[in-house]
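Engineer: First the structure, then my questions, so here it is.
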Amino acid sequence: MNTGTTTVKTSLLSSLRREWLLGAAIATTALFLMFGKQWLSDLSNPLWFALMLIWLFAVILSSAFAVVHHAEVLAARLGEPLGTLVLTLSVIGIEVMMISAVMLTGEGKPELARDAMLGVTMIVMNGMIGISLLMGGLRHREQDYNLQGANSFLSLIVPLTVLGLVLPNFTSASPGPTFSVLQSIFLAVMSIAIYILFLIIQNRRHKEYFVRPALASGEYAGAAHGDHESPNSSAYHAVLLVLYLLAIVVLAEEIAVPIDHGIEVLHAPVALGGFLVAALVLSPESLSATRAALANDLQRSINILLGSVLASIGLTIPAVLTIGLVTGKTVILGLDSANSLLLILTLFVSTLTFARNRTNVLMGAVHLLLFLAYVMLIFEH
């Protein structure tokens with residue numbers, strides 16, 4: 001018994017030593033929590049500005065790679081779709097907490113949640129899906145996936161997104177692009193209820209919708225287990241995944257300061273700062289989805305990407321509407337006409353992309369086109 005315990009402890013210590021990056025991420029997070037305001041208060045010196053930006057960017061990106069590693073170990077052990085759900089809910093859950101914290105303690109930003117949800121939707125459904133389909137198509141020509149699973153995601157993403165981000169522009173029960181109390185309660189309750197129903201369907205009742213077609217599943221499943229074997233427990237990888245994610249979220253808020261300073265110096269659009277921070281927070285999912293597509297497991301990419309959009313919309317809308325109702329703060333959800341049109345076009349193209357169970361590079365290129373259009377509107381609205 002003592003020999004076995006010693007072996008386990010030795011293995012754990014050896015694994016923790018290999019996770020030296022976690023120590024760097026925690027140390028960086030602690031330092032910026034203690035001294036960040038002082039260090040970032042004056043970035044007029046170009047060398048100091050470059051040091052802060054490069055330091056934060058390097059730690060965030062390295063932590064993103066670590067998140068992907070631990071998430072893929074869990075995915076190999078838990079199987080689909082539960083494996084990707086762990087990564088999706090971790091990232092989006094922390095994003096929701098960030099937005100909620102800013103709304104409760106920060107300055108009044110009634111458009112914060114709306115802009116965050118639009119950013120996530122455009123980055124994921126156009127940028128990340130476009131890259132995954134393009135890279136996967138270049139390597140494998142065509143890729144297959146479970147059509148029922150993709151359609152299940154879209155059947156919720158389309159109505160929830162339109163109800164939350166477009167409908168407020170056409171209601172008259174409250175002034176501006178906002179919801180009345182009754183409308184807010186209805187949408188918050190319905191969003192939570194239908195998302196819970198979806199999770200039951202995804203992980204229990206119709207789990208087969210969210211795994212690869214039987215003919216191709218064996219090829220990647222074997223590769224995944226072979227590539228991500230680990231002597232440590234699933235709890236070990238889950239704890240490290242959350243710790244790395246927390247570091248990414250905290251440091252993403254810190255890096256927003258030098259990014260905003262650079263934008264001010266370069267006279268770039270203000271919205272660019274929020275876009276870059278959102279892209280950094282979503283980087284673990286982006287890396288994991290692209291790796292899966294390159295490994296010819298497009299189903300995992302779809303589960304990650306469409307799952308993150310659905311979780312973002314399904315969880316953020318109820319959270320911010322509830323905070324608005326409890327605190328009396330105004331919550332603006334309605335998009336302007338240009339972004340509303342681009343959002344609806346994105347949803348329409350996505351339904352065409354996932355209308356048949358094989359994809360190619362052309363579909364990826366179209367989504368990247370829409371993503372570039374979104375970026376263009378940031379600079380020239």
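Residue numbering restarts at 1 in every chain; chains get A, B, ... in the order shown in the structure tokens, and ligands count up from 1 in that same order.
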I'd like to know which residues of stretch 51-166 of chain A are alpha helix (DSSP H) (by DSSP, run on the backbone); could you write them as a PyMOL selection string?

Structural biologist: chain A and resi 51-78+82-105+112-122+129-140+147-165

Engineer: Put those residues in a file: C-alpha atoms, as a CSV table (one decimal), in the first residue's frame.

Structural biologist:
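Here's the written file again_28.csv:
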chain,number,residue,atom,x,y,z
A,51,LEU,CA,6.9,44.5,-22.6
A,52,MET,CA,3.4,44.5,-21.0
A,53,LEU,CA,1.7,43.5,-24.3
A,54,ILE,CA,4.1,40.7,-25.2
A,55,TRP,CA,4.2,39.3,-21.7
A,56,LEU,CA,0.4,39.1,-21.4
A,57,PHE,CA,-0.1,37.8,-24.9
A,58,ALA,CA,2.6,35.1,-24.5
A,59,VAL,CA,1.1,33.8,-21.2
A,60,ILE,CA,-2.5,33.9,-22.6
A,61,LEU,CA,-1.6,32.0,-25.8
A,62,SER,CA,0.5,29.4,-24.0
A,63,SER,CA,-2.3,28.8,-21.5
A,64,ALA,CA,-4.7,28.4,-24.4
A,65,PHE,CA,-2.6,25.6,-25.8
A,66,ALA,CA,-2.6,24.0,-22.3
A,67,VAL,CA,-6.4,24.2,-22.1
A,68,VAL,CA,-6.6,22.4,-25.4
A,69,HIS,CA,-4.3,19.6,-24.2
A,70,HIS,CA,-6.3,19.0,-21.0
A,71,ALA,CA,-9.7,19.3,-22.8
A,72,GLU,CA,-8.6,16.8,-25.5
A,73,VAL,CA,-7.6,14.3,-22.8
A,74,LEU,CA,-11.0,14.7,-21.1
A,75,ALA,CA,-12.7,14.4,-24.5
A,76,ALA,CA,-10.9,11.1,-25.3
A,77,ARG,CA,-12.0,9.7,-21.9
A,78,LEU,CA,-15.5,11.0,-21.7
A,82,LEU,CA,-19.8,15.2,-23.2
A,83,GLY,CA,-16.0,15.7,-23.8
A,84,THR,CA,-16.5,18.9,-25.8
A,85,LEU,CA,-19.3,20.1,-23.5
A,86,VAL,CA,-16.7,20.4,-20.7
A,87,LEU,CA,-14.6,22.8,-22.7
A,88,THR,CA,-17.6,24.7,-24.1
A,89,LEU,CA,-19.3,25.3,-20.7
A,90,SER,CA,-16.0,26.2,-19.1
A,91,VAL,CA,-15.2,28.9,-21.5
A,92,ILE,CA,-18.7,30.3,-22.0
A,93,GLY,CA,-19.5,30.0,-18.3
A,94,ILE,CA,-16.5,32.2,-17.4
A,95,GLU,CA,-17.4,34.6,-20.1
A,96,VAL,CA,-20.9,35.0,-18.6
A,97,MET,CA,-19.4,35.6,-15.2
A,98,MET,CA,-17.2,38.3,-16.6
A,99,ILE,CA,-20.1,40.1,-18.2
A,100,SER,CA,-22.2,39.8,-15.1
A,101,ALA,CA,-19.4,41.1,-12.9
A,102,VAL,CA,-18.8,44.2,-15.1
A,103,MET,CA,-22.6,44.9,-15.1
A,104,LEU,CA,-22.8,44.6,-11.4
A,105,THR,CA,-19.7,46.5,-10.3
A,112,LEU,CA,-22.0,45.3,-23.1
A,113,ALA,CA,-23.8,41.9,-23.3
A,114,ARG,CA,-25.1,42.6,-26.8
A,115,ASP,CA,-21.7,43.5,-28.2
A,116,ALA,CA,-20.2,40.4,-26.5
A,117,MET,CA,-22.8,38.0,-27.9
A,118,LEU,CA,-22.4,39.5,-31.4
A,119,GLY,CA,-18.6,39.2,-31.1
A,120,VAL,CA,-18.8,35.6,-30.0
A,121,THR,CA,-21.3,34.7,-32.7
A,122,MET,CA,-19.3,36.3,-35.5
A,129,ILE,CA,-16.0,27.7,-38.5
A,130,GLY,CA,-14.5,29.2,-41.7
A,131,ILE,CA,-10.9,28.3,-40.6
A,132,SER,CA,-12.0,24.8,-39.5
A,133,LEU,CA,-13.8,24.0,-42.7
A,134,LEU,CA,-11.1,25.5,-44.9
A,135,MET,CA,-8.2,23.8,-43.1
A,136,GLY,CA,-10.0,20.5,-42.9
A,137,GLY,CA,-11.1,20.7,-46.6
A,138,LEU,CA,-7.6,21.5,-47.8
A,139,ARG,CA,-6.2,18.4,-46.0
A,140,HIS,CA,-9.1,15.9,-46.5
A,147,LEU,CA,-26.3,16.2,-39.9
A,148,GLN,CA,-28.9,15.7,-37.2
A,149,GLY,CA,-26.5,17.1,-34.6
A,150,ALA,CA,-25.6,20.3,-36.6
A,151,ASN,CA,-29.3,20.9,-37.3
A,152,SER,CA,-30.1,20.5,-33.6
A,153,PHE,CA,-27.7,23.2,-32.7
A,154,LEU,CA,-29.0,25.5,-35.4
A,155,SER,CA,-32.6,24.9,-34.6
A,156,LEU,CA,-31.9,26.7,-31.3
A,157,ILE,CA,-29.2,29.1,-32.3
A,158,VAL,CA,-31.4,30.7,-35.0
A,159,PRO,CA,-34.5,31.6,-33.0
A,160,LEU,CA,-32.7,32.5,-29.7
A,161,THR,CA,-30.3,34.8,-31.6
A,162,VAL,CA,-33.0,36.5,-33.5
A,163,LEU,CA,-35.3,36.8,-30.5
A,164,GLY,CA,-32.5,38.2,-28.3
A,165,LEU,CA,-30.5,40.5,-30.7

Engineer: Got a sec: who's within 10 Å of A:Gly176, counting only C-alpha atoms, leaving out chain neighbours fewer than 6 positions off, as an NGL selection string?

Structural biologist: :A and (168-170 or 332-334)

Engineer: Would you mind exporting the chosen residues as a PDB file, in the first residue's frame, restricted to C-alpha atoms?

Structural biologist:
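Now in out07.pdb:
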ATOM      1  CA  PRO A 168     -35.853  44.270 -29.434  1.00  0.00           C
ATOM      2  CA  ASN A 169     -35.585  46.706 -32.367  1.00  0.00           C
ATOM      3  CA  PHE A 170     -39.202  45.999 -33.304  1.00  0.00           C
ATOM      4  CA  ILE A 332     -29.792  47.121 -24.621  1.00  0.00           C
ATOM      5  CA  LEU A 333     -29.906  43.961 -26.723  1.00  0.00           C
ATOM      6  CA  GLY A 334     -31.077  45.163 -30.144  1.00  0.00           C
TER       7      GLY A 334
END

Engineer: Between atom CA of A:Thr29 and atom CA of A:Ala289, what distance in Å does the model show, to one decimal?

Structural biologist: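 Between atom CA of A:Thr29 and atom CA of A:Ala289 the gap works out to 26.3 Å.
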
Engineer: Of the candidates A:Ile26, A:Leu342, A:Leu243, A:Ala311, which one gets nearest to A:Phe371 if we count only C-alpha atoms?

Structural biologist: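 Comparing A:Ile26, A:Leu342, A:Leu243, A:Ala311 against A:Phe371, the winner is A:Leu342.
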
Engineer: Distance atom CA of A:Tyr195-atom CA of A:Glu253, one decimal place?

Structural biologist: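 Distance between the two atoms: 28.0 Å.
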
Engineer: Kindly indicate which residue among A:Pro318, A:Pro269, A:Pro213, A:Gly328 lies nearest to A:Leu377, using only C-alpha atoms for the distances.

Structural biologist: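 Comparing A:Pro318, A:Pro269, A:Pro213, A:Gly328 against A:Leu377, the winner is A:Pro269.
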